[in-house]
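See below for query-v8.cif, which holds mmCIF, C-alpha atoms, pLDDT in the B column; chains and numbers go by the auth columns.
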```
data_work
#
loop_
_atom_site.group_PDB
_atom_site.id
_atom_site.type_symbol
_atom_site.label_atom_id
_atom_site.label_comp_id
_atom_site.label_asym_id
_atom_site.label_seq_id
_atom_site.Cartn_x
_atom_site.Cartn_y
_atom_site.Cartn_z
_atom_site.B_iso_or_equiv
_atom_site.auth_seq_id
_atom_site.auth_asym_id
ATOM 1 C CA MET A 1 0.000 0.000 0.000 61.00 120 B
ATOM 2 C CA ALA A 2 1.333 3.428 -0.955 73.00 121 B
ATOM 3 C CA VAL A 3 2.359 5.736 1.864 84.00 122 B
ATOM 4 C CA THR A 4 0.103 8.752 2.379 90.00 123 B
ATOM 5 C CA TYR A 5 1.782 12.150 2.624 92.00 124 B
ATOM 6 C CA LEU A 6 0.788 15.641 3.788 94.00 125 B
ATOM 7 C CA THR A 7 -1.595 14.003 6.253 94.00 126 B
ATOM 8 C CA LYS A 8 -1.398 16.704 8.939 94.00 127 B
ATOM 9 C CA THR A 9 -2.285 19.424 6.459 95.00 128 B
ATOM 10 C CA LYS A 10 -5.194 17.337 5.197 95.00 129 B
ATOM 11 C CA GLU A 11 -6.430 16.877 8.774 94.00 130 B
ATOM 12 C CA ILE A 12 -6.446 20.634 9.374 94.00 131 B
ATOM 13 C CA ILE A 13 -8.324 21.214 6.116 94.00 132 B
ATOM 14 C CA SER A 14 -10.816 18.517 7.073 93.00 133 B
ATOM 15 C CA GLU A 15 -11.447 20.222 10.419 92.00 134 B
ATOM 16 C CA ASN A 16 -11.499 23.865 9.302 90.00 135 B
ATOM 17 C CA GLY A 17 -12.415 23.747 5.611 90.00 136 B
ATOM 18 C CA ASP A 18 -10.347 24.340 2.488 90.00 137 B
ATOM 19 C CA SER A 19 -10.729 28.107 2.204 88.00 138 B
ATOM 20 C CA PHE A 20 -7.297 28.342 0.558 90.00 139 B
ATOM 21 C CA LYS A 21 -8.106 25.727 -2.119 90.00 140 B
ATOM 22 C CA LEU A 22 -5.149 23.488 -1.297 93.00 141 B
ATOM 23 C CA SER A 23 -6.699 20.023 -1.591 93.00 142 B
ATOM 24 C CA ARG A 24 -6.200 19.528 -5.324 93.00 143 B
ATOM 25 C CA THR A 25 -2.530 20.520 -5.197 93.00 144 B
ATOM 26 C CA LEU A 26 -1.972 18.336 -2.127 94.00 145 B
ATOM 27 C CA ASP A 27 -3.274 15.367 -4.105 94.00 146 B
ATOM 28 C CA THR A 28 -1.089 16.332 -7.073 93.00 147 B
ATOM 29 C CA VAL A 29 2.056 16.397 -4.913 92.00 148 B
ATOM 30 C CA GLU A 30 1.333 12.901 -3.648 93.00 149 B
ATOM 31 C CA GLN A 31 0.373 11.557 -7.066 93.00 150 B
ATOM 32 C CA ASN A 32 3.540 12.881 -8.718 91.00 151 B
ATOM 33 C CA PHE A 33 5.672 11.435 -5.935 91.00 152 B
ATOM 34 C CA HIS A 34 4.179 7.956 -6.278 92.00 153 B
ATOM 35 C CA GLU A 35 4.566 8.150 -10.061 90.00 154 B
ATOM 36 C CA GLY A 36 8.265 8.906 -9.658 88.00 155 B
ATOM 37 C CA GLN A 37 8.041 12.561 -10.725 85.00 156 B
ATOM 38 C CA MET A 38 10.091 13.866 -7.807 84.00 157 B
ATOM 39 C CA GLY A 39 11.030 17.224 -9.301 80.00 158 B
ATOM 40 C CA THR A 40 7.449 17.992 -10.248 83.00 159 B
ATOM 41 C CA SER A 41 6.341 16.963 -6.771 86.00 160 B
ATOM 42 C CA ILE A 42 8.647 19.393 -4.967 83.00 161 B
ATOM 43 C CA GLY A 43 7.734 22.108 -7.453 83.00 162 B
ATOM 44 C CA GLN A 44 4.149 21.686 -6.317 87.00 163 B
ATOM 45 C CA CYS A 45 5.312 21.858 -2.681 88.00 164 B
ATOM 46 C CA LYS A 46 6.690 25.329 -3.306 84.00 165 B
ATOM 47 C CA ASN A 47 3.495 26.299 -5.120 88.00 166 B
ATOM 48 C CA LEU A 48 1.441 25.203 -2.102 91.00 167 B
ATOM 49 C CA ILE A 49 3.335 27.378 0.358 89.00 168 B
ATOM 50 C CA GLU A 50 3.662 30.309 -2.019 89.00 169 B
ATOM 51 C CA GLY A 51 -0.032 30.229 -2.888 91.00 170 B
ATOM 52 C CA LEU A 52 -1.054 30.085 0.763 92.00 171 B
ATOM 53 C CA ALA A 53 1.191 33.019 1.672 90.00 172 B
ATOM 54 C CA LYS A 54 -0.119 35.143 -1.213 92.00 173 B
ATOM 55 C CA THR A 55 -3.737 34.351 -0.348 91.00 174 B
ATOM 56 C CA VAL A 56 -3.161 35.365 3.282 90.00 175 B
ATOM 57 C CA LEU A 57 -1.739 38.699 2.125 92.00 176 B
ATOM 58 C CA ASP A 58 -4.472 39.228 -0.472 92.00 177 B
ATOM 59 C CA LYS A 59 -7.226 38.554 2.071 88.00 178 B
ATOM 60 C CA LYS A 60 -5.696 41.199 4.336 87.00 179 B
ATOM 61 C CA SER A 61 -5.270 43.618 1.390 90.00 180 B
ATOM 62 C CA VAL A 62 -1.513 43.729 1.910 91.00 181 B
ATOM 63 C CA VAL A 63 0.502 44.808 -1.118 92.00 182 B
ATOM 64 C CA TYR A 64 3.656 42.852 -1.966 92.00 183 B
ATOM 65 C CA GLU A 65 6.046 43.677 -4.764 91.00 184 B
ATOM 66 C CA ASN A 66 6.206 41.692 -7.980 89.00 185 B
ATOM 67 C CA GLY A 67 9.115 39.294 -7.925 87.00 186 B
ATOM 68 C CA ILE A 68 9.287 39.151 -4.127 88.00 187 B
ATOM 69 C CA SER A 69 11.468 36.243 -3.066 84.00 188 B
ATOM 70 C CA PHE A 70 9.809 33.108 -1.780 81.00 189 B
ATOM 71 C CA PRO A 71 11.298 33.362 1.762 82.00 190 B
ATOM 72 C CA LYS A 72 10.390 37.054 2.103 84.00 191 B
ATOM 73 C CA LEU A 73 6.860 36.342 0.919 87.00 192 B
ATOM 74 C CA VAL A 74 6.350 33.637 3.547 84.00 193 B
ATOM 75 C CA LYS A 75 7.830 35.759 6.334 82.00 194 B
ATOM 76 C CA LYS A 76 5.636 38.703 5.333 86.00 195 B
ATOM 77 C CA ALA A 77 2.534 36.518 5.556 86.00 196 B
ATOM 78 C CA VAL A 78 3.547 35.247 9.004 81.00 197 B
ATOM 79 C CA ARG A 79 4.096 38.782 10.271 81.00 198 B
ATOM 80 C CA GLU A 80 0.745 39.957 8.924 83.00 199 B
ATOM 81 C CA LEU A 81 -0.942 37.241 10.970 79.00 200 B
ATOM 82 C CA ASN A 82 0.313 39.011 14.114 70.00 201 B
ATOM 83 C CA ILE A 83 1.827 35.852 15.513 61.00 202 B
ATOM 84 C CA GLY A 84 3.304 37.855 18.380 57.00 203 B
ATOM 85 C CA LEU A 85 -0.052 38.966 19.786 57.00 204 B
ATOM 86 C CA VAL A 86 -0.240 36.413 22.572 52.00 205 B
ATOM 87 C CA GLY A 87 0.912 36.191 26.142 51.00 206 B
ATOM 88 C CA ASN A 88 0.604 38.711 28.936 51.00 207 B
ATOM 89 C CA ASN A 89 1.902 42.227 29.333 52.00 208 B
ATOM 90 C CA ASP A 90 5.130 41.202 31.055 57.00 209 B
ATOM 91 C CA GLN A 91 8.022 42.679 29.081 61.00 210 B
ATOM 92 C CA LYS A 92 10.316 39.688 29.544 67.00 211 B
ATOM 93 C CA THR A 93 7.569 37.319 28.435 62.00 212 B
ATOM 94 C CA ASN A 94 6.829 39.376 25.336 56.00 213 B
ATOM 95 C CA GLU A 95 10.506 39.716 24.447 65.00 214 B
ATOM 96 C CA ALA A 96 11.043 35.983 24.877 66.00 215 B
ATOM 97 C CA PHE A 97 8.068 35.173 22.695 59.00 216 B
ATOM 98 C CA LEU A 98 9.084 37.654 20.016 56.00 217 B
ATOM 99 C CA GLY A 99 12.534 36.066 20.046 66.00 218 B
ATOM 100 C CA LEU A 100 10.887 32.703 19.450 64.00 219 B
ATOM 101 C CA VAL A 101 8.826 34.190 16.620 56.00 220 B
ATOM 102 C CA ASN A 102 11.969 35.596 15.036 61.00 221 B
ATOM 103 C CA SER A 103 13.600 32.179 15.278 71.00 222 B
ATOM 104 C CA ILE A 104 10.580 30.580 13.592 62.00 223 B
ATOM 105 C CA CYS A 105 10.685 33.153 10.800 58.00 224 B
ATOM 106 C CA ASN A 106 14.401 32.531 10.272 67.00 225 B
ATOM 107 C CA SER A 107 13.684 28.813 10.087 64.00 226 B
ATOM 108 C CA ILE A 108 10.984 29.498 7.510 59.00 227 B
ATOM 109 C CA ASP A 109 13.470 31.611 5.565 64.00 228 B
ATOM 110 C CA ASN A 110 16.006 28.795 5.453 72.00 229 B
ATOM 111 C CA THR A 111 13.451 26.119 4.598 68.00 230 B
ATOM 112 C CA ALA A 112 11.743 28.217 1.942 63.00 231 B
ATOM 113 C CA GLU A 113 15.008 29.302 0.323 72.00 232 B
ATOM 114 C CA SER A 114 16.301 25.734 0.173 76.00 233 B
ATOM 115 C CA LEU A 115 12.999 24.531 -1.235 69.00 234 B
ATOM 116 C CA ALA A 116 13.073 27.220 -3.919 71.00 235 B
ATOM 117 C CA THR A 117 16.637 26.261 -4.901 76.00 236 B
ATOM 118 C CA LEU A 118 15.822 22.560 -5.135 72.00 237 B
ATOM 119 C CA ARG A 119 12.700 23.326 -7.111 69.00 238 B
ATOM 120 C CA ASN A 120 14.732 25.367 -9.607 71.00 239 B
ATOM 121 C CA ASP A 121 17.375 22.650 -9.898 71.00 240 B
ATOM 122 C CA TYR A 122 15.119 19.620 -10.195 69.00 241 B
ATOM 123 C CA SER A 123 11.610 20.552 -11.256 69.00 242 B
ATOM 124 C CA PRO A 124 11.195 20.135 -15.044 64.00 243 B
ATOM 125 C CA GLU A 125 8.817 23.122 -15.094 61.00 244 B
ATOM 126 C CA ALA A 126 11.482 25.451 -13.687 58.00 245 B
ATOM 127 C CA HIS A 127 13.396 27.671 -16.121 55.00 246 B
ATOM 128 C CA GLY A 128 12.428 25.568 -19.139 55.00 247 B
ATOM 129 C CA ARG A 129 14.401 22.481 -18.141 55.00 248 B
ATOM 130 C CA SER A 130 14.192 19.364 -20.255 55.00 249 B
ATOM 131 C CA ALA A 131 11.813 16.690 -19.008 54.00 250 B
ATOM 132 C CA ASP A 132 14.614 14.084 -19.206 59.00 251 B
ATOM 133 C CA HIS A 133 17.000 15.890 -16.860 60.00 252 B
ATOM 134 C CA THR A 134 18.326 14.051 -13.776 67.00 253 B
ATOM 135 C CA ASP A 135 15.567 13.928 -11.198 68.00 254 B
ATOM 136 C CA LEU A 136 15.792 14.425 -7.450 73.00 255 B
ATOM 137 C CA PRO A 137 16.371 11.194 -5.480 82.00 256 B
ATOM 138 C CA LYS A 138 13.243 9.845 -3.808 87.00 257 B
ATOM 139 C CA GLU A 139 14.644 10.173 -0.277 89.00 258 B
ATOM 140 C CA TYR A 140 15.278 13.891 -0.742 84.00 259 B
ATOM 141 C CA ALA A 141 11.869 14.502 -2.266 85.00 260 B
ATOM 142 C CA GLU A 142 10.204 12.658 0.612 91.00 261 B
ATOM 143 C CA PHE A 143 12.087 14.794 3.139 88.00 262 B
ATOM 144 C CA ILE A 144 10.971 17.985 1.383 86.00 263 B
ATOM 145 C CA ILE A 145 7.346 16.834 1.322 90.00 264 B
ATOM 146 C CA LEU A 146 7.479 16.132 5.065 90.00 265 B
ATOM 147 C CA GLN A 147 8.955 19.588 5.689 87.00 266 B
ATOM 148 C CA THR A 148 6.285 21.137 3.494 89.00 267 B
ATOM 149 C CA ASP A 149 3.593 19.392 5.522 92.00 268 B
ATOM 150 C CA ALA A 150 5.062 20.826 8.741 89.00 269 B
ATOM 151 C CA LEU A 151 5.329 24.344 7.305 86.00 270 B
ATOM 152 C CA LEU A 152 1.799 24.275 5.888 91.00 271 B
ATOM 153 C CA CYS A 153 0.466 23.067 9.244 92.00 272 B
ATOM 154 C CA PHE A 154 2.237 25.927 11.001 86.00 273 B
ATOM 155 C CA LEU A 155 0.820 28.512 8.591 86.00 274 B
ATOM 156 C CA LEU A 156 -2.715 27.104 8.642 90.00 275 B
ATOM 157 C CA ASN A 157 -2.710 26.853 12.431 88.00 276 B
ATOM 158 C CA ILE A 158 -1.651 30.466 12.926 84.00 277 B
ATOM 159 C CA VAL A 159 -4.274 31.507 10.363 85.00 278 B
ATOM 160 C CA GLN A 160 -6.872 29.742 12.504 85.00 279 B
ATOM 161 C CA ARG A 161 -5.466 31.205 15.721 80.00 280 B
ATOM 162 C CA HIS A 162 -5.518 34.653 14.131 75.00 281 B
ATOM 163 C CA LYS A 163 -9.220 34.223 13.350 76.00 282 B
ATOM 164 C CA GLU A 164 -9.972 33.115 16.902 65.00 283 B
ATOM 165 C CA TYR A 165 -7.610 35.518 18.665 59.00 284 B
ATOM 166 C CA ASP A 166 -9.339 37.667 21.240 65.00 285 B
ATOM 167 C CA PRO A 167 -6.992 40.462 22.354 65.00 286 B
ATOM 168 C CA PRO A 168 -6.821 41.096 26.102 71.00 287 B
ATOM 169 C CA LEU A 169 -8.868 43.966 27.469 79.00 288 B
ATOM 170 C CA VAL A 170 -7.020 47.105 28.494 83.00 289 B
ATOM 171 C CA PHE A 171 -8.846 48.858 31.327 87.00 290 B
ATOM 172 C CA THR A 172 -7.831 52.385 30.316 88.00 291 B
ATOM 173 C CA ASP A 173 -9.129 51.907 26.755 87.00 292 B
ATOM 174 C CA HIS A 174 -12.762 52.116 27.895 88.00 293 B
ATOM 175 C CA GLU A 175 -13.044 55.286 29.950 90.00 294 B
ATOM 176 C CA ASP A 176 -16.636 56.019 28.889 92.00 295 B
ATOM 177 C CA TYR A 177 -17.753 52.571 30.019 91.00 296 B
ATOM 178 C CA ASN A 178 -15.775 52.843 33.253 91.00 297 B
ATOM 179 C CA ASP A 179 -17.361 56.228 33.953 92.00 298 B
ATOM 180 C CA SER A 180 -20.784 54.699 33.392 91.00 299 B
ATOM 181 C CA LEU A 181 -20.056 51.913 35.877 91.00 300 B
ATOM 182 C CA TYR A 182 -18.774 54.419 38.409 90.00 301 B
ATOM 183 C CA GLU A 183 -21.898 56.561 38.062 91.00 302 B
ATOM 184 C CA GLN A 184 -24.109 53.526 38.652 91.00 303 B
ATOM 185 C CA PHE A 185 -22.208 51.694 41.379 91.00 304 B
ATOM 186 C CA GLY A 186 -19.789 54.244 42.814 92.00 305 B
ATOM 187 C CA GLU A 187 -17.042 53.053 45.111 89.00 306 B
ATOM 188 C CA ILE A 188 -16.603 51.222 48.384 89.00 307 B
ATOM 189 C CA GLU A 189 -14.295 51.870 51.315 85.00 308 B
ATOM 190 C CA ILE A 190 -12.362 49.034 52.922 85.00 309 B
ATOM 191 C CA PHE A 191 -10.181 49.904 55.916 88.00 310 B
ATOM 192 C CA GLY A 192 -9.791 53.452 54.702 86.00 311 B
ATOM 193 C CA ASP A 193 -8.978 52.582 51.093 86.00 312 B
ATOM 194 C CA LEU A 194 -11.413 53.411 48.274 87.00 313 B
ATOM 195 C CA TYR A 195 -12.098 50.929 45.479 88.00 314 B
ATOM 196 C CA GLN A 196 -14.063 51.959 42.405 91.00 315 B
ATOM 197 C CA ALA A 197 -16.707 49.667 40.928 90.00 316 B
ATOM 198 C CA PRO A 198 -15.222 49.439 37.398 90.00 317 B
ATOM 199 C CA GLU A 199 -11.806 48.448 38.751 91.00 318 B
ATOM 200 C CA ILE A 200 -13.327 45.819 41.029 91.00 319 B
ATOM 201 C CA LEU A 201 -15.356 44.314 38.194 91.00 320 B
ATOM 202 C CA PHE A 202 -12.389 44.369 35.796 89.00 321 B
ATOM 203 C CA GLN A 203 -10.051 42.661 38.262 89.00 322 B
ATOM 204 C CA GLN A 204 -12.424 40.217 39.931 89.00 323 B
ATOM 205 C CA HIS A 205 -14.792 39.294 37.123 89.00 324 B
ATOM 206 C CA PRO A 206 -13.203 40.153 33.738 87.00 325 B
ATOM 207 C CA LYS A 207 -15.654 37.933 31.854 86.00 326 B
ATOM 208 C CA LYS A 208 -18.623 39.885 33.226 90.00 327 B
ATOM 209 C CA TYR A 209 -16.796 43.173 32.580 89.00 328 B
ATOM 210 C CA LYS A 210 -16.310 42.212 28.935 87.00 329 B
ATOM 211 C CA GLU A 211 -19.866 40.939 28.544 88.00 330 B
ATOM 212 C CA LYS A 212 -21.380 44.168 29.877 89.00 331 B
ATOM 213 C CA LEU A 213 -18.920 46.240 27.841 89.00 332 B
ATOM 214 C CA LYS A 214 -20.302 44.663 24.662 87.00 333 B
ATOM 215 C CA GLU A 215 -23.844 45.472 25.787 89.00 334 B
ATOM 216 C CA PHE A 216 -22.769 49.039 26.544 89.00 335 B
ATOM 217 C CA LYS A 217 -21.400 49.453 23.016 86.00 336 B
ATOM 218 C CA VAL A 218 -24.500 47.910 21.417 86.00 337 B
ATOM 219 C CA GLN A 219 -26.654 50.388 23.332 83.00 338 B
ATOM 220 C CA GLY A 220 -24.601 53.235 21.931 75.00 339 B
ATOM 221 C CA GLY A 221 -22.738 54.036 25.109 63.00 340 B
ATOM 222 C CA GLN A 222 -25.821 54.234 27.308 58.00 341 B
ATOM 223 C CA SER A 223 -25.698 53.064 30.895 51.00 342 B
ATOM 224 C CA HIS A 224 -27.716 49.989 31.790 49.00 343 B
ATOM 225 C CA ASP A 225 -30.255 52.020 33.721 48.00 344 B
ATOM 226 C CA GLU A 226 -31.057 54.349 30.827 46.00 345 B
#
```
Kindly transcribe the structure held in the file into structure tokens.
Amino acid sequence: MAVTYLTKTKEIISENGDSFKLSRTLDTVEQNFHEGQMGTSIGQCKNLIEGLAKTVLDKKSVVYENGISFPKLVKKAVRELNIGLVGNNDQKTNEAFLGLVNSICNSIDNTAESLATLRNDYSPEAHGRSADHTDLPKEYAEFIILQTDALLCFLLNIVQRHKEYDPPLVFTDHEDYNDSLYEQFGEIEIFGDLYQAPEILFQQHPKKYKEKLKEFKVQGGQSHDE
């Protein structure tokens, strides 16, 4: 029985839908590999990643120059997905995570650049090469397909996370709402210290704070009593 490739990417598409129209090319990569067309197969691997990156940028209306290199294109797409917008507000945590993101992007650069070079050297479609040129050994093509699967999974997963990402609330960004809460509920004194209602709600019950904030905005900034 033939080995199935790009399985992780196919699983993600099965779960979240094929909004980037990758399924047909995924099948083509696998078909070409099993038919011994290794160069064509890795050429399609590059097309998969390149097409996904361009679609991400197009959907976000981000302009990229004609002839942009493959690695730069992929890195640009990753950055536009705001991969760094996670974690808390601790500076060390953010710096550490951004360092990790930079490392990931550098890894993408290296992988993408190597893939582009191999595609140009071995794919018969690249630069008008003859169809009877020496093809890429099967073991190398298989390795590239596995790397492509990992890279596609990474990109598709951060696309999904970007869709689901809910940025943390910043208390000082909602002064009108906080003023409304203060007018309604005032403040309380505990052992000589005063605590305002909006701060208490924000700190002790952030879910309720956010829920009522949405209602406040829907009502056009009106307090709940009005």
Quiz item: Taking into account all atoms listed in the file, which residue in the set B:Lys257, B:Lys165, B:Lys326, B:Lys140 is nearest to His153 in chain B?
Solution: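 Among the listed residues, B:Lys257 lies closest to His153 in chain B.
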Exercise. Could you give me, as a VMD selection string, the residues within 12 Å of Asp268 in chain B, counting only C-alpha atoms and dropping anything in the same chain fewer than 2 positions from it?
Key: chain B and resid 123 to 131 141 145 148 to 149 161 164 to 165 167 to 168 230 261 to 266 270 to 276
Quiz item: Can you tell me how far CA of Thr291 in chain B sits from CA of Gln279 in chain B, in Å to one decimal?
Solution: 28.8 Å
Practice problem: Could you check how far CA of Lys336 in chain B sits from CA of Asn297 in chain B, in Å to one decimal? | Solution: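 Spanning CA of Lys336 in chain B to CA of Asn297 in chain B is a straight-line distance of 12.2 Å.
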Quiz item: Do you have the CA of His324 in chain B-CA of Phe310 in chain B distance handy?
Solution: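 It comes out at 22.1 Å.
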Quiz item: Between B:Val278, B:Leu255, B:Val122, B:Val181, which one has atoms that come closest to Phe139 in chain B, using all atoms listed in the file?
Solution: B:Val278
Exercise. List the residues selected by the PyMOL selection byres ((chain B and resi 288) around 10) in the file shown, writing them as a list in words.
Key: Asp285, Pro286, Pro287, Val289, Phe290, Thr291, Asp292, His293, Phe321, Pro325, Tyr328 and Lys329 of chain B
Exercise. Could you list the residues chosen by the PyMOL selection byres ((chain B and resi 173) around 12) in this structure as JSON, numbers by chain?
Key: {"B": [139, 166, 167, 168, 169, 170, 171, 172, 174, 175, 176, 177, 178, 179, 180, 181, 182, 183, 184, 185, 187, 188, 189, 190, 191, 192, 193, 194, 195, 196, 197, 199, 274]}
Quiz item: Of the residues B:Thr159, B:Tyr296, B:Ser133, B:Ser222, which is the one nearest to Val337 in chain B, using all atoms listed in the file?
Solution: B:Tyr296
